[in-house]
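Structure record follows, encoded as structure tokens.
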Amino acid sequence: MKITITGTGYVGLVTGVCLSDVDHQITCYDIDQEKINLLNSGKSPIYEPGLDELIQKNISAGRLSFTADVKEAYSDADCIFIAVGTPPNEDGSANLTYIEKAAIEIAEHITKDCIVVTKSTVPVGTNEYIGRIIAERVPAGLTVKIVSNPEFLREGSAIHDTFHGDRIVIGSNDQEAGKVIADIYAPFKLPIVHTDIRSAEMIKYASNSFLALKISFINEIANLCEKVGGNIEHVAAGVGLDKRIGSKFLQAGIGFGGSCFPKDINALNHLANEYDYDFKILKSVIDVNRLQKERLFYKAKEAVGSLAGKKITILGLTFKPNTDDIRDAASLKLIQDLLMEDAVITVYDPVGMPNVEKLFGNKLQYAESAEKALEDAEATFILTEWDEIKNLSLEQVKRYMTKPILFDGRNCFTLEDAEKQGIQYYSIGRKAIV
Ligand SMILES: NC(=O)c1ccc[n+]([C@@H]2O[C@H](COP(=O)([O-])OP(=O)(O)OC[C@H]3O[C@@H](n4cnc5c(N)ncnc54)[C@H](O)[C@@H]3O)[C@@H](O)[C@H]2O)c1
């Protein structure tokens, strides 16, 4: 079988590379020629641990190729996985422009029957829409079957998640097409959920929304802990040991970001509105998260007073560790708020700085290490729990800073350590050390 993957972003690239690693013949297609050039030289355009090595291995084995040529991508594909972006529109709905364009290009360039598989996260009903776009344009005599196959990998552990995911969801209204896709994934030996197309689309949104709900819930418990006097770390540990609840996604912090959770829950809320359903919990999850992202900033204003002219350091810019993705990261909102206050901002992140620099240019200073960023700082925010940030010693932190005031959005340090070092320490869901 000749398999084409459309879109070489976080999902398409990892999927293509992992499928080639289990002996499939994969062509990855992207409209971005620069990305394709980089990939053809064996380099990944995104930061994902282990990806470069796997790309080089499978190019050398002759199982993996990259192209920006639409004809080459589709003309004799048996199966096409669509993994293009579905970013949010202003009103929260999913922007399907890239999906539509991909569907049109597929219809115009295929030369034989094929299966089109949607990996992108798309609202319920979109796969049927893709089917209609293709059916209206495809040359007479060709049959295209549609399968929904939403993706659950996490950036930062995407390769592991692809090989060891919890499940593969295959939504198809045609049994045979569903079986072909299941066979492609068979070497991964993962549980497969076969369902209809609309249910598959819903599984993705329901999963992400439930995880986001867990985060917003624990953040609210954390906020209450601060008021009533409790320690969220202990509370979450005690709650998480209950197997019905589980300990994952119970880390209180500065709210969720990234390219998926915010956009997906907004898109589900938008879908609910379209169907005249008032999804109350989801709206609260969105609200809680918006407020949570501002909490540290307001704590800083309260503790420090005016931030104008103050030298403020931000450690960690990506929405989570082990990725260079800054989409909807808490750092972006904080930077904007601090700039509005005329603070003088120095940032450090192990891999996220080039992406932040594209947005903020010379409005910020970019340090070459966490230590350098801390030099002379009058207050420091911790926004991403990279190992190298978590492993800083508070003794060192205190030594570098002019005033040792820390606003830790990821609870990286113990209260005892902060107290021992004489650091003014504000974290999430725990008492402030002043
Ligand atoms: N990033 C994640 O962790 C993740 C996880 C699960 C699901 N998803 C979903 O997967 C989809 C892709 O997400 P991503 O983060 O990989 O996106 P991305 O923005 O990183 O990559 C999309 C790629 O598609 C390419 N592209 C756009 N139009 C194209 C076309 N017509 N033909 C070929 N290539 C085209 C772009 O150039 C880009 O390289 C989204 O729907 C997202 O919600 C993402």
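Chain labels run A, B, ... following the order of the structure tokens; each chain numbers its residues from 1, and ligands are numbered from 1 in the order shown.
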Environment of ligand 1 within 8 Å, counting only C-alpha atoms and all ligand atoms, reported as a ChimeraX atom specification: /A:6-13,29-32,35,68,70,83-87,98-103,105,119-122,150-155,158,258-260,263-264
Would you list the contacts of Ala61 (chain A) as a ChimeraX atom specification, taking every protein, DNA or RNA residue within 12 Å and counting only C-alpha atoms, but skipping same-chain residues closer than 3 positions in sequence? /A:17,20-26,54-58,64-65
Pick from A:Glu48, A:Ile170, A:Glu378, A:Glu274, whichever lies nearest to Val351 (chain A) using only C-alpha atoms: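 Between A:Glu48, A:Ile170, A:Glu378, A:Glu274, the residue approaching Val351 (chain A) most closely is A:Glu48.
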Please provide as a VMD selection string all residues within 12 Å of Asn231 (chain A), with the sequence filter that same-chain residues fewer than 2 positions apart are discarded (counting only C-alpha atoms). chain A and resid 218 221 to 229 233 to 238 252 411 414 to 415 427 to 432
Test item: residues at most 8 Å from region 366-370 of chain A, only C-alpha atoms, excluding those fewer than 5 positions along its chain, as a list of chain:residue names: A:Leu315, A:Thr346, A:Val347, A:Tyr348, A:Asp349, A:Pro350, A:Met353, A:Ile389
Please compute the CA of Ile59 (chain A)-CA of Ala73 (chain A) distance, one decimal, in Å.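 Rounded to one decimal, the two atoms are 16.2 Å apart.
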Find the spatial neighbours of Thr126 (chain A), counting only C-alpha atoms, within a cut-off of 10 Å - ignore same-chain residues fewer than 2 positions away - and output them as a VMD selection string. chain A and resid 96 99 to 100 118 121 to 124 128 to 132 148 197 to 198 201
Restrict the selected residues to C-alpha atoms and save them as an mmCIF file, in the first residue's frame.
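Saved to result-v4.cif:
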data_model
loop_
_atom_site.group_PDB
_atom_site.id
_atom_site.type_symbol
_atom_site.label_atom_id
_atom_site.label_comp_id
_atom_site.auth_asym_id
_atom_site.auth_seq_id
_atom_site.Cartn_x
_atom_site.Cartn_y
_atom_site.Cartn_z
ATOM 1 C CA LEU A 96 -11.760 24.193 8.287
ATOM 2 C CA ILE A 99 -9.141 20.736 5.567
ATOM 3 C CA GLU A 100 -11.243 21.995 2.645
ATOM 4 C CA THR A 118 -9.010 12.342 8.872
ATOM 5 C CA THR A 121 -9.460 17.191 15.086
ATOM 6 C CA VAL A 122 -12.688 18.182 13.355
ATOM 7 C CA PRO A 123 -16.216 18.940 14.566
ATOM 8 C CA VAL A 124 -18.881 16.284 14.291
ATOM 9 C CA GLU A 128 -19.188 13.783 5.890
ATOM 10 C CA TYR A 129 -18.460 17.276 4.556
ATOM 11 C CA ILE A 130 -15.004 16.129 3.400
ATOM 12 C CA GLY A 131 -16.703 13.206 1.667
ATOM 13 C CA ARG A 132 -19.028 15.592 -0.177
ATOM 14 C CA SER A 148 -12.307 9.261 10.909
ATOM 15 C CA ILE A 197 -17.808 8.402 11.932
ATOM 16 C CA ARG A 198 -19.770 10.856 14.091
ATOM 17 C CA GLU A 201 -15.310 12.686 15.911
#
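Note that CA of Leu296 (chain A) and CA of Asn208 (chain A) are 24.9 Å apart.
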